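Engineer: This is my_file.pdb (PDB, C-alpha atoms, pLDDT in the B column).
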```pdb
ATOM      1  CA  MET V   1       0.000   0.000   0.000  1.00 85.00           C
ATOM      2  CA  LEU V   2       1.445   3.352  -1.071  1.00 92.00           C
ATOM      3  CA  GLU V   3       1.468   6.172   1.456  1.00 96.00           C
ATOM      4  CA  PRO V   4       2.288   9.849   1.011  1.00 97.00           C
ATOM      5  CA  ARG V   5       4.799  11.644   3.213  1.00 97.00           C
ATOM      6  CA  LEU V   6       5.357  15.334   3.697  1.00 97.00           C
ATOM      7  CA  LYS V   7       8.032  17.567   5.165  1.00 96.00           C
ATOM      8  CA  LEU V   8       7.102  21.169   5.678  1.00 97.00           C
ATOM      9  CA  TRP V   9       9.128  24.198   6.670  1.00 97.00           C
ATOM     10  CA  VAL V  10       9.175  27.966   6.360  1.00 96.00           C
ATOM     11  CA  GLU V  11      12.098  30.060   5.173  1.00 96.00           C
ATOM     12  CA  HIS V  12      12.962  33.728   5.512  1.00 93.00           C
ATOM     13  CA  ARG V  13      15.279  35.028   2.810  1.00 92.00           C
ATOM     14  CA  GLY V  14      16.256  31.485   1.906  1.00 92.00           C
ATOM     15  CA  LYS V  15      17.014  30.364   5.468  1.00 92.00           C
ATOM     16  CA  ALA V  16      14.895  27.920   7.456  1.00 91.00           C
ATOM     17  CA  VAL V  17      13.099  29.582  10.356  1.00 93.00           C
ATOM     18  CA  LEU V  18      10.260  27.204  11.195  1.00 95.00           C
ATOM     19  CA  GLY V  19       9.956  23.444  10.898  1.00 94.00           C
ATOM     20  CA  ASP V  20       8.597  20.552  12.955  1.00 91.00           C
ATOM     21  CA  GLY V  21      11.528  20.301  15.391  1.00 93.00           C
ATOM     22  CA  ARG V  22      11.923  24.054  15.800  1.00 95.00           C
ATOM     23  CA  VAL V  23       8.255  24.655  16.408  1.00 97.00           C
ATOM     24  CA  ASP V  24       8.107  21.801  18.930  1.00 96.00           C
ATOM     25  CA  LEU V  25      11.047  23.378  20.773  1.00 97.00           C
ATOM     26  CA  LEU V  26       9.340  26.771  20.910  1.00 97.00           C
ATOM     27  CA  ARG V  27       6.134  25.154  22.111  1.00 97.00           C
ATOM     28  CA  ALA V  28       8.079  23.340  24.856  1.00 97.00           C
ATOM     29  CA  VAL V  29       9.558  26.671  26.031  1.00 96.00           C
ATOM     30  CA  GLY V  30       6.063  28.148  26.154  1.00 96.00           C
ATOM     31  CA  GLU V  31       4.635  25.177  28.048  1.00 96.00           C
ATOM     32  CA  THR V  32       7.435  24.708  30.572  1.00 95.00           C
ATOM     33  CA  GLY V  33       8.458  28.354  31.012  1.00 95.00           C
ATOM     34  CA  SER V  34      12.048  27.162  31.020  1.00 93.00           C
ATOM     35  CA  LEU V  35      14.619  26.638  28.301  1.00 93.00           C
ATOM     36  CA  THR V  36      16.323  23.989  30.444  1.00 93.00           C
ATOM     37  CA  GLU V  37      13.084  22.015  30.751  1.00 94.00           C
ATOM     38  CA  ALA V  38      12.256  22.505  27.089  1.00 96.00           C
ATOM     39  CA  ALA V  39      15.679  21.199  26.037  1.00 96.00           C
ATOM     40  CA  LEU V  40      15.257  18.150  28.295  1.00 96.00           C
ATOM     41  CA  ARG V  41      11.845  17.395  26.837  1.00 96.00           C
ATOM     42  CA  MET V  42      13.250  17.617  23.306  1.00 96.00           C
ATOM     43  CA  GLY V  43      16.272  15.467  24.139  1.00 96.00           C
ATOM     44  CA  LEU V  44      18.658  18.342  23.379  1.00 96.00           C
ATOM     45  CA  SER V  45      21.485  19.812  25.407  1.00 96.00           C
ATOM     46  CA  TYR V  46      20.786  23.282  26.768  1.00 94.00           C
ATOM     47  CA  ARG V  47      23.516  24.646  24.535  1.00 95.00           C
ATOM     48  CA  ARG V  48      22.019  23.087  21.432  1.00 96.00           C
ATOM     49  CA  ALA V  49      18.476  24.196  22.227  1.00 95.00           C
ATOM     50  CA  TRP V  50      19.676  27.747  22.815  1.00 94.00           C
ATOM     51  CA  GLY V  51      21.662  27.619  19.576  1.00 95.00           C
ATOM     52  CA  LYS V  52      18.562  26.601  17.627  1.00 95.00           C
ATOM     53  CA  ILE V  53      16.540  29.439  19.067  1.00 96.00           C
ATOM     54  CA  ARG V  54      19.257  32.008  18.379  1.00 95.00           C
ATOM     55  CA  ASP V  55      19.500  30.658  14.837  1.00 95.00           C
ATOM     56  CA  MET V  56      15.746  31.076  14.322  1.00 96.00           C
ATOM     57  CA  GLU V  57      15.852  34.586  15.794  1.00 96.00           C
ATOM     58  CA  ARG V  58      18.762  35.579  13.589  1.00 95.00           C
ATOM     59  CA  ASN V  59      17.189  34.150  10.427  1.00 94.00           C
ATOM     60  CA  LEU V  60      13.848  35.723  11.209  1.00 94.00           C
ATOM     61  CA  GLY V  61      15.248  39.013  12.488  1.00 93.00           C
ATOM     62  CA  ALA V  62      12.941  38.977  15.511  1.00 94.00           C
ATOM     63  CA  GLN V  63      13.099  37.945  19.134  1.00 96.00           C
ATOM     64  CA  LEU V  64      11.272  34.708  19.949  1.00 97.00           C
ATOM     65  CA  VAL V  65      12.247  33.870  23.524  1.00 96.00           C
ATOM     66  CA  GLN V  66      12.600  36.204  26.500  1.00 94.00           C
ATOM     67  CA  SER V  67      14.695  34.975  29.408  1.00 88.00           C
ATOM     68  CA  GLU V  68      15.038  36.332  32.933  1.00 84.00           C
ATOM     69  CA  LYS V  69      17.554  35.305  35.507  1.00 72.00           C
ATOM     70  CA  GLY V  70      15.816  34.365  38.719  1.00 61.00           C
ATOM     71  CA  GLY V  71      17.649  35.400  41.924  1.00 52.00           C
ATOM     72  CA  ASN V  72      17.883  32.207  43.929  1.00 51.00           C
ATOM     73  CA  THR V  73      15.659  30.257  41.589  1.00 54.00           C
ATOM     74  CA  ARG V  74      16.422  29.031  38.093  1.00 64.00           C
ATOM     75  CA  GLY V  75      15.993  31.457  35.253  1.00 71.00           C
ATOM     76  CA  SER V  76      12.714  31.445  33.413  1.00 91.00           C
ATOM     77  CA  SER V  77      12.002  31.818  29.724  1.00 93.00           C
ATOM     78  CA  ARG V  78       8.880  32.622  27.808  1.00 93.00           C
ATOM     79  CA  LEU V  79       7.811  33.077  24.242  1.00 97.00           C
ATOM     80  CA  THR V  80       7.363  36.532  22.770  1.00 97.00           C
ATOM     81  CA  PRO V  81       3.920  37.273  21.292  1.00 97.00           C
ATOM     82  CA  ARG V  82       5.503  36.908  17.835  1.00 96.00           C
ATOM     83  CA  ALA V  83       6.741  33.401  18.689  1.00 97.00           C
ATOM     84  CA  GLU V  84       3.343  32.424  20.109  1.00 97.00           C
ATOM     85  CA  ALA V  85       1.679  33.550  16.916  1.00 96.00           C
ATOM     86  CA  LEU V  86       4.190  31.656  14.745  1.00 96.00           C
ATOM     87  CA  VAL V  87       3.740  28.410  16.694  1.00 97.00           C
ATOM     88  CA  ALA V  88      -0.035  28.628  16.351  1.00 97.00           C
ATOM     89  CA  GLN V  89       0.203  29.490  12.654  1.00 97.00           C
ATOM     90  CA  PHE V  90       2.634  26.699  11.872  1.00 97.00           C
ATOM     91  CA  ASP V  91       0.393  24.197  13.669  1.00 97.00           C
ATOM     92  CA  ARG V  92      -2.621  25.265  11.631  1.00 97.00           C
ATOM     93  CA  PHE V  93      -0.583  25.258   8.446  1.00 98.00           C
ATOM     94  CA  ARG V  94       0.750  21.749   9.169  1.00 97.00           C
ATOM     95  CA  LYS V  95      -2.709  20.353   9.937  1.00 97.00           C
ATOM     96  CA  ARG V  96      -4.196  21.811   6.776  1.00 98.00           C
ATOM     97  CA  MET V  97      -1.343  20.515   4.629  1.00 98.00           C
ATOM     98  CA  GLU V  98      -1.607  17.036   6.150  1.00 98.00           C
ATOM     99  CA  ASN V  99      -5.272  17.072   5.351  1.00 98.00           C
ATOM    100  CA  ASP V 100      -4.566  18.185   1.766  1.00 98.00           C
ATOM    101  CA  LEU V 101      -1.879  15.509   1.469  1.00 98.00           C
ATOM    102  CA  GLY V 102      -4.318  12.679   2.129  1.00 97.00           C
ATOM    103  CA  LYS V 103      -6.991  14.175  -0.111  1.00 97.00           C
ATOM    104  CA  GLU V 104      -4.730  14.875  -3.104  1.00 98.00           C
ATOM    105  CA  PHE V 105      -3.008  11.515  -2.836  1.00 97.00           C
ATOM    106  CA  LYS V 106      -6.314   9.685  -2.802  1.00 97.00           C
ATOM    107  CA  GLU V 107      -7.538  11.592  -5.835  1.00 96.00           C
ATOM    108  CA  VAL V 108      -4.380  11.212  -7.887  1.00 97.00           C
ATOM    109  CA  PHE V 109      -3.364   7.655  -6.975  1.00 93.00           C
ATOM    110  CA  ASN V 110      -6.905   6.311  -6.540  1.00 84.00           C
ATOM    111  CA  ALA V 111      -5.625   4.989  -3.226  1.00 68.00           C
TER     112      ALA V 111
ATOM    113  CA  MET S   1       9.309  37.667   3.647  1.00 85.00           C
ATOM    114  CA  LEU S   2       8.339  34.210   4.835  1.00 92.00           C
ATOM    115  CA  GLU S   3       8.081  31.457   2.264  1.00 96.00           C
ATOM    116  CA  PRO S   4       6.779  27.915   2.598  1.00 97.00           C
ATOM    117  CA  ARG S   5       8.786  24.910   1.499  1.00 97.00           C
ATOM    118  CA  LEU S   6       7.660  21.361   0.855  1.00 96.00           C
ATOM    119  CA  LYS S   7       9.286  17.990   0.444  1.00 96.00           C
ATOM    120  CA  LEU S   8       7.063  15.219  -0.840  1.00 97.00           C
ATOM    121  CA  TRP S   9       7.605  11.507  -1.210  1.00 97.00           C
ATOM    122  CA  VAL S  10       5.713   8.225  -1.348  1.00 96.00           C
ATOM    123  CA  GLU S  11       6.461   5.146   0.713  1.00 96.00           C
ATOM    124  CA  HIS S  12       5.520   1.511   0.349  1.00 94.00           C
ATOM    125  CA  ARG S  13       5.523  -0.405   3.629  1.00 92.00           C
ATOM    126  CA  GLY S  14       7.594   2.308   5.247  1.00 92.00           C
ATOM    127  CA  LYS S  15      10.215   2.485   2.506  1.00 92.00           C
ATOM    128  CA  ALA S  16      10.619   5.408   0.113  1.00 91.00           C
ATOM    129  CA  VAL S  17       9.651   4.490  -3.454  1.00 93.00           C
ATOM    130  CA  LEU S  18       8.960   7.824  -5.142  1.00 95.00           C
ATOM    131  CA  GLY S  19      10.384  11.289  -4.575  1.00 94.00           C
ATOM    132  CA  ASP S  20      11.566  14.214  -6.674  1.00 91.00           C
ATOM    133  CA  GLY S  21      14.977  12.782  -7.595  1.00 93.00           C
ATOM    134  CA  ARG S  22      13.697   9.275  -8.239  1.00 95.00           C
ATOM    135  CA  VAL S  23      10.828  10.416 -10.398  1.00 97.00           C
ATOM    136  CA  ASP S  24      13.131  12.689 -12.393  1.00 96.00           C
ATOM    137  CA  LEU S  25      15.433   9.717 -12.984  1.00 97.00           C
ATOM    138  CA  LEU S  26      12.567   7.562 -14.217  1.00 97.00           C
ATOM    139  CA  ARG S  27      11.377  10.364 -16.476  1.00 97.00           C
ATOM    140  CA  ALA S  28      14.893  10.705 -17.910  1.00 97.00           C
ATOM    141  CA  VAL S  29      14.952   6.983 -18.714  1.00 96.00           C
ATOM    142  CA  GLY S  30      11.623   7.328 -20.480  1.00 96.00           C
ATOM    143  CA  GLU S  31      12.718  10.382 -22.444  1.00 96.00           C
ATOM    144  CA  THR S  32      16.174   9.166 -23.465  1.00 95.00           C
ATOM    145  CA  GLY S  33      15.420   5.453 -23.848  1.00 95.00           C
ATOM    146  CA  SER S  34      18.757   4.794 -22.198  1.00 94.00           C
ATOM    147  CA  LEU S  35      19.830   4.335 -18.609  1.00 94.00           C
ATOM    148  CA  THR S  36      23.312   5.593 -19.514  1.00 93.00           C
ATOM    149  CA  GLU S  37      21.895   8.821 -20.930  1.00 94.00           C
ATOM    150  CA  ALA S  38      19.476   9.194 -18.051  1.00 96.00           C
ATOM    151  CA  ALA S  39      22.279   8.821 -15.504  1.00 96.00           C
ATOM    152  CA  LEU S  40      24.353  11.440 -17.358  1.00 96.00           C
ATOM    153  CA  ARG S  41      21.468  13.866 -17.401  1.00 96.00           C
ATOM    154  CA  MET S  42      20.942  13.428 -13.678  1.00 96.00           C
ATOM    155  CA  GLY S  43      24.650  13.768 -12.891  1.00 96.00           C
ATOM    156  CA  LEU S  44      24.785  10.217 -11.519  1.00 96.00           C
ATOM    157  CA  SER S  45      27.141   7.362 -12.300  1.00 96.00           C
ATOM    158  CA  TYR S  46      25.533   4.500 -14.232  1.00 94.00           C
ATOM    159  CA  ARG S  47      26.049   2.277 -11.212  1.00 95.00           C
ATOM    160  CA  ARG S  48      24.325   4.705  -8.874  1.00 96.00           C
ATOM    161  CA  ALA S  49      21.397   5.304 -11.238  1.00 95.00           C
ATOM    162  CA  TRP S  50      20.902   1.584 -11.658  1.00 94.00           C
ATOM    163  CA  GLY S  51      21.112   1.119  -7.888  1.00 95.00           C
ATOM    164  CA  LYS S  52      18.371   3.696  -7.339  1.00 95.00           C
ATOM    165  CA  ILE S  53      16.089   2.004  -9.811  1.00 96.00           C
ATOM    166  CA  ARG S  54      16.682  -1.427  -8.330  1.00 95.00           C
ATOM    167  CA  ASP S  55      16.002   0.019  -4.895  1.00 95.00           C
ATOM    168  CA  MET S  56      12.685   1.487  -6.084  1.00 96.00           C
ATOM    169  CA  GLU S  57      11.709  -1.786  -7.745  1.00 96.00           C
ATOM    170  CA  ARG S  58      12.542  -3.783  -4.641  1.00 95.00           C
ATOM    171  CA  ASN S  59      10.666  -1.428  -2.299  1.00 94.00           C
ATOM    172  CA  LEU S  60       7.670  -1.312  -4.600  1.00 94.00           C
ATOM    173  CA  GLY S  61       7.712  -4.987  -5.537  1.00 93.00           C
ATOM    174  CA  ALA S  62       7.246  -4.186  -9.228  1.00 94.00           C
ATOM    175  CA  GLN S  63       9.399  -3.775 -12.310  1.00 96.00           C
ATOM    176  CA  LEU S  64       9.864  -0.170 -13.435  1.00 97.00           C
ATOM    177  CA  VAL S  65      12.539  -0.322 -16.136  1.00 96.00           C
ATOM    178  CA  GLN S  66      12.966  -2.854 -18.939  1.00 94.00           C
ATOM    179  CA  SER S  67      16.400  -3.108 -20.510  1.00 88.00           C
ATOM    180  CA  GLU S  68      17.506  -4.857 -23.674  1.00 84.00           C
ATOM    181  CA  LYS S  69      21.031  -5.487 -24.770  1.00 72.00           C
ATOM    182  CA  GLY S  70      21.524  -4.218 -28.312  1.00 61.00           C
ATOM    183  CA  GLY S  71      23.835  -6.361 -30.465  1.00 51.00           C
ATOM    184  CA  ASN S  72      26.394  -3.912 -31.840  1.00 50.00           C
ATOM    185  CA  THR S  73      24.587  -0.890 -30.479  1.00 54.00           C
ATOM    186  CA  ARG S  74      24.268   0.259 -26.900  1.00 63.00           C
ATOM    187  CA  GLY S  75      21.560  -1.332 -24.796  1.00 71.00           C
ATOM    188  CA  SER S  76      18.265   0.469 -24.560  1.00 92.00           C
ATOM    189  CA  SER S  77      15.964   0.882 -21.591  1.00 93.00           C
ATOM    190  CA  ARG S  78      12.348   1.890 -21.276  1.00 93.00           C
ATOM    191  CA  LEU S  79       9.799   2.389 -18.586  1.00 97.00           C
ATOM    192  CA  THR S  80       7.190  -0.239 -17.852  1.00 97.00           C
ATOM    193  CA  PRO S  81       3.564   0.917 -18.063  1.00 97.00           C
ATOM    194  CA  ARG S  82       3.486   0.885 -14.255  1.00 96.00           C
ATOM    195  CA  ALA S  83       6.464   3.250 -14.096  1.00 97.00           C
ATOM    196  CA  GLU S  84       4.916   5.569 -16.697  1.00 97.00           C
ATOM    197  CA  ALA S  85       1.740   5.741 -14.658  1.00 96.00           C
ATOM    198  CA  LEU S  86       3.648   6.444 -11.429  1.00 96.00           C
ATOM    199  CA  VAL S  87       5.684   9.271 -12.999  1.00 97.00           C
ATOM    200  CA  ALA S  88       2.527  10.916 -14.319  1.00 97.00           C
ATOM    201  CA  GLN S  89       0.731  10.465 -11.001  1.00 97.00           C
ATOM    202  CA  PHE S  90       3.603  11.823  -8.937  1.00 97.00           C
ATOM    203  CA  ASP S  91       3.831  14.871 -11.214  1.00 97.00           C
ATOM    204  CA  ARG S  92       0.136  15.614 -10.799  1.00 97.00           C
ATOM    205  CA  PHE S  93       0.361  14.998  -7.057  1.00 98.00           C
ATOM    206  CA  ARG S  94       3.358  17.342  -6.749  1.00 97.00           C
ATOM    207  CA  LYS S  95       1.693  20.119  -8.740  1.00 97.00           C
ATOM    208  CA  ARG S  96      -1.487  19.926  -6.699  1.00 98.00           C
ATOM    209  CA  MET S  97       0.416  19.936  -3.423  1.00 98.00           C
ATOM    210  CA  GLU S  98       2.528  22.926  -4.473  1.00 98.00           C
ATOM    211  CA  ASN S  99      -0.649  24.744  -5.318  1.00 98.00           C
ATOM    212  CA  ASP S 100      -2.159  23.832  -1.932  1.00 98.00           C
ATOM    213  CA  LEU S 101       1.065  24.920  -0.231  1.00 98.00           C
ATOM    214  CA  GLY S 102       0.816  28.462  -1.537  1.00 97.00           C
ATOM    215  CA  LYS S 103      -2.899  28.675  -0.831  1.00 97.00           C
ATOM    216  CA  GLU S 104      -2.774  27.362   2.746  1.00 98.00           C
ATOM    217  CA  PHE S 105       0.270  29.428   3.604  1.00 97.00           C
ATOM    218  CA  LYS S 106      -1.397  32.599   2.403  1.00 97.00           C
ATOM    219  CA  GLU S 107      -4.529  31.841   4.390  1.00 96.00           C
ATOM    220  CA  VAL S 108      -2.786  30.913   7.617  1.00 97.00           C
ATOM    221  CA  PHE S 109       0.068  33.414   7.637  1.00 93.00           C
ATOM    222  CA  ASN S 110      -1.849  36.244   5.924  1.00 85.00           C
ATOM    223  CA  ALA S 111       1.164  36.413   3.651  1.00 68.00           C
TER     224      ALA S 111
END
```
If you took the structure in this file and wrote it as structure tokens, what would it be?
Structural biologist:
Amino acid sequence: MLEPRLKLWVEHRGKAVLGDGRVDLLRAVGETGSLTEAALRMGLSYRRAWGKIRDMERNLGAQLVQSEKGGNTRGSSRLTPRAEALVAQFDRFRKRMENDLGKEFKEVFNA
Amino acid sequence: MLEPRLKLWVEHRGKAVLGDGRVDLLRAVGETGSLTEAALRMGLSYRRAWGKIRDMERNLGAQLVQSEKGGNTRGSSRLTPRAEALVAQFDRFRKRMENDLGKEFKEVFNA
């Protein structure tokens, strides 16, 4: 049985800014309020997670994560409104495209 | 300016059988009538082109290319009817999905 597969991403001036892994990382920052926790959840080192976010910010030319150092407590991080909007938009975009994928495949391959 | 990107492929029992490069290789075989010429056009060695086709045939469980040895002349190759149908279907599928990509992106990202 043939099955269609799809990889989706968004570029800014030819550089990748949003894709499945990146959006999941942003979402994890938003949900945990901590870059350390988000990195753990994604199975990334802190350094690598931070590098990915800086890369996205640089390629997009906009801030995505705001971090504060907590006095005695661990620092906290949260998404900027722009990042929240991008995560929500990418999710919608992905769902719609997955839906289209099944529909178009069925029509074209009579599957 | 944000721009959407798409990679599309088709699997059979979890193994890739059709994708941009593979379909272009099949099309080149059909157009040139020669695996040697098709490999050249795709910038692949004969060995590598033949390997890709065998891999597709194995994963799909169907013959895609028929080759004949020509006496004094070079051997000729052509697509099986199944391969011709798959190339045409993948092309249609790709065009439709690229169209959907632009449409959905515009709607979701107000781009």
Engineer: Would you mind listing what lies within 8 Å of region 35-45 of chain S as a short mmCIF file (atom, residue, chain, number, x, y, z; two decimals) with C-alpha atoms, in the frame of the given file, with all atoms listed in the file counted and same-chain residues fewer than 2 positions away left out?
Structural biologist:
```cif
data_model
loop_
_atom_site.label_atom_id
_atom_site.label_comp_id
_atom_site.auth_asym_id
_atom_site.auth_seq_id
_atom_site.Cartn_x
_atom_site.Cartn_y
_atom_site.Cartn_z
CA ASP S 24 13.13 12.69 -12.39
CA LEU S 25 15.43 9.72 -12.98
CA ALA S 28 14.89 10.70 -17.91
CA VAL S 29 14.95 6.98 -18.71
CA THR S 32 16.17 9.17 -23.46
CA GLY S 33 15.42 5.45 -23.85
CA ARG S 47 26.05 2.28 -11.21
CA ARG S 48 24.32 4.70 -8.87
CA ALA S 49 21.40 5.30 -11.24
CA TRP S 50 20.90 1.58 -11.66
CA SER S 76 18.26 0.47 -24.56
CA SER S 77 15.96 0.88 -21.59
#
```
Engineer: With chain S held fixed, move chain V onto it by a least-squares fit of all C-alpha atoms in order and give the output as a compact mmCIF listing (two decimals) with C-alpha atoms, keeping the file's coordinate frame.
Structural biologist:
```txt
# COMPACT_ATOMS: atom_id res chain seq x y z
CA MET V 1 9.25 37.72 3.67
CA LEU V 2 8.31 34.23 4.86
CA GLU V 3 8.06 31.47 2.28
CA PRO V 4 6.75 27.93 2.60
CA ARG V 5 8.77 24.92 1.49
CA LEU V 6 7.65 21.38 0.87
CA LYS V 7 9.27 17.99 0.43
CA LEU V 8 7.06 15.23 -0.84
CA TRP V 9 7.60 11.51 -1.22
CA VAL V 10 5.71 8.24 -1.35
CA GLU V 11 6.46 5.16 0.72
CA HIS V 12 5.53 1.51 0.36
CA ARG V 13 5.55 -0.42 3.62
CA GLY V 14 7.60 2.31 5.25
CA LYS V 15 10.23 2.52 2.50
CA ALA V 16 10.60 5.43 0.10
CA VAL V 17 9.66 4.51 -3.46
CA LEU V 18 8.96 7.84 -5.15
CA GLY V 19 10.39 11.30 -4.58
CA ASP V 20 11.59 14.23 -6.67
CA GLY V 21 15.00 12.78 -7.59
CA ARG V 22 13.69 9.27 -8.22
CA VAL V 23 10.84 10.42 -10.39
CA ASP V 24 13.15 12.70 -12.39
CA LEU V 25 15.45 9.71 -12.98
CA LEU V 26 12.58 7.55 -14.22
CA ARG V 27 11.39 10.35 -16.47
CA ALA V 28 14.91 10.69 -17.90
CA VAL V 29 14.97 6.95 -18.71
CA GLY V 30 11.62 7.31 -20.47
CA GLU V 31 12.74 10.37 -22.44
CA THR V 32 16.19 9.16 -23.47
CA GLY V 33 15.43 5.44 -23.85
CA SER V 34 18.77 4.77 -22.19
CA LEU V 35 19.84 4.31 -18.60
CA THR V 36 23.33 5.57 -19.50
CA GLU V 37 21.90 8.80 -20.92
CA ALA V 38 19.48 9.18 -18.04
CA ALA V 39 22.29 8.81 -15.50
CA LEU V 40 24.37 11.41 -17.35
CA ARG V 41 21.48 13.86 -17.41
CA MET V 42 20.96 13.40 -13.66
CA GLY V 43 24.67 13.74 -12.88
CA LEU V 44 24.82 10.18 -11.52
CA SER V 45 27.15 7.33 -12.31
CA TYR V 46 25.54 4.48 -14.22
CA ARG V 47 26.05 2.24 -11.22
CA ARG V 48 24.32 4.67 -8.89
CA ALA V 49 21.40 5.30 -11.23
CA TRP V 50 20.88 1.56 -11.65
CA GLY V 51 21.10 1.10 -7.89
CA LYS V 52 18.37 3.68 -7.34
CA ILE V 53 16.07 2.01 -9.81
CA ARG V 54 16.65 -1.45 -8.33
CA ASP V 55 15.98 0.02 -4.89
CA MET V 56 12.67 1.50 -6.07
CA GLU V 57 11.71 -1.78 -7.75
CA ARG V 58 12.54 -3.78 -4.65
CA ASN V 59 10.67 -1.43 -2.31
CA LEU V 60 7.68 -1.30 -4.61
CA GLY V 61 7.73 -4.98 -5.54
CA ALA V 62 7.25 -4.19 -9.23
CA GLN V 63 9.40 -3.78 -12.30
CA LEU V 64 9.88 -0.18 -13.44
CA VAL V 65 12.55 -0.32 -16.14
CA GLN V 66 12.97 -2.86 -18.93
CA SER V 67 16.40 -3.12 -20.52
CA GLU V 68 17.52 -4.87 -23.69
CA LYS V 69 21.04 -5.46 -24.82
CA GLY V 70 21.51 -4.18 -28.34
CA GLY V 71 23.79 -6.32 -30.56
CA ASN V 72 26.34 -3.88 -31.89
CA THR V 73 24.56 -0.85 -30.51
CA ARG V 74 24.25 0.25 -26.91
CA GLY V 75 21.56 -1.33 -24.81
CA SER V 76 18.26 0.45 -24.55
CA SER V 77 15.97 0.88 -21.58
CA ARG V 78 12.37 1.88 -21.28
CA LEU V 79 9.81 2.40 -18.58
CA THR V 80 7.20 -0.23 -17.84
CA PRO V 81 3.57 0.93 -18.06
CA ARG V 82 3.49 0.89 -14.24
CA ALA V 83 6.48 3.26 -14.08
CA GLU V 84 4.93 5.57 -16.68
CA ALA V 85 1.76 5.74 -14.65
CA LEU V 86 3.67 6.44 -11.42
CA VAL V 87 5.69 9.27 -12.99
CA ALA V 88 2.54 10.91 -14.31
CA GLN V 89 0.74 10.47 -10.98
CA PHE V 90 3.61 11.83 -8.93
CA ASP V 91 3.84 14.88 -11.21
CA ARG V 92 0.14 15.61 -10.78
CA PHE V 93 0.36 15.01 -7.05
CA ARG V 94 3.37 17.35 -6.74
CA LYS V 95 1.69 20.13 -8.73
CA ARG V 96 -1.49 19.93 -6.69
CA MET V 97 0.42 19.94 -3.40
CA GLU V 98 2.51 22.93 -4.49
CA ASN V 99 -0.67 24.73 -5.33
CA ASP V 100 -2.17 23.83 -1.93
CA LEU V 101 1.05 24.92 -0.22
CA GLY V 102 0.79 28.48 -1.52
CA LYS V 103 -2.93 28.70 -0.82
CA GLU V 104 -2.79 27.35 2.75
CA PHE V 105 0.25 29.43 3.62
CA LYS V 106 -1.41 32.60 2.40
CA GLU V 107 -4.55 31.86 4.39
CA VAL V 108 -2.81 30.92 7.61
CA PHE V 109 0.06 33.44 7.63
CA ASN V 110 -1.85 36.25 5.89
CA ALA V 111 1.17 36.41 3.61
```
Engineer: How would you write, as a list in words, the residues chosen by the PyMOL selection byres ((chain S) within 8 of (chain V)) on this structure?
Structural biologist: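 On the file shown, the PyMOL selection byres ((chain S) within 8 of (chain V)) covers Met1, Leu2, Glu3, Pro4, Arg5, Leu6, Lys7, Leu8, Trp9, Val10, Glu11, His12, Arg13, Gln89, Arg92, Phe93, Arg96, Met97, Asp100, Leu101, Glu104, Phe105, Val108 and Phe109 of chain S.
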Engineer: Is it possible to get the residues within 12 Å of (13.3, 36.4, 18.4) (coordinates as in the file, counting only C-alpha atoms) written as a list in words?
Structural biologist: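 Residues with an atom at most 12 Å from (13.3, 36.4, 18.4): Val17, Leu26, Trp50, Lys52, Ile53, Arg54, Asp55, Met56, Glu57, Arg58, Asn59, Leu60, Gly61, Ala62, Gln63, Leu64, Val65, Gln66, Ser67, Arg78, Leu79, Thr80, Pro81, Arg82, Ala83, Glu84 and Leu86 of chain V.
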Engineer: So how many Å separate CA of Gly30 (chain V) and CA of Tyr46 (chain V), to one decimal?
Structural biologist: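 One can read the CA of Gly30 (chain V) to CA of Tyr46 (chain V) distance as 15.5 Å.
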Engineer: Separation of CA of Arg22 (chain V) and CA of Gly102 (chain V), in Å?
Structural biologist: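 Rounded to one decimal, the two atoms are 24.1 Å apart.
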Engineer: Do you have the CA of Gly21 (chain V)-CA of Val87 (chain V) distance handy?
Structural biologist: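 Pair CA of Gly21 (chain V) / CA of Val87 (chain V) returns 11.3 Å.
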Engineer: Around all the atoms of region 28-33 of chain S listed in the file, with 4 Å of room on each side, what axis-aligned box do you get, giving centre and edge lengths in Å to one decimal, as JSON?
Structural biologist:
```
{"center_x": 13.9, "center_y": 8.1, "center_z": -20.9, "size_x": 12.6, "size_y": 13.3, "size_z": 13.9}
```
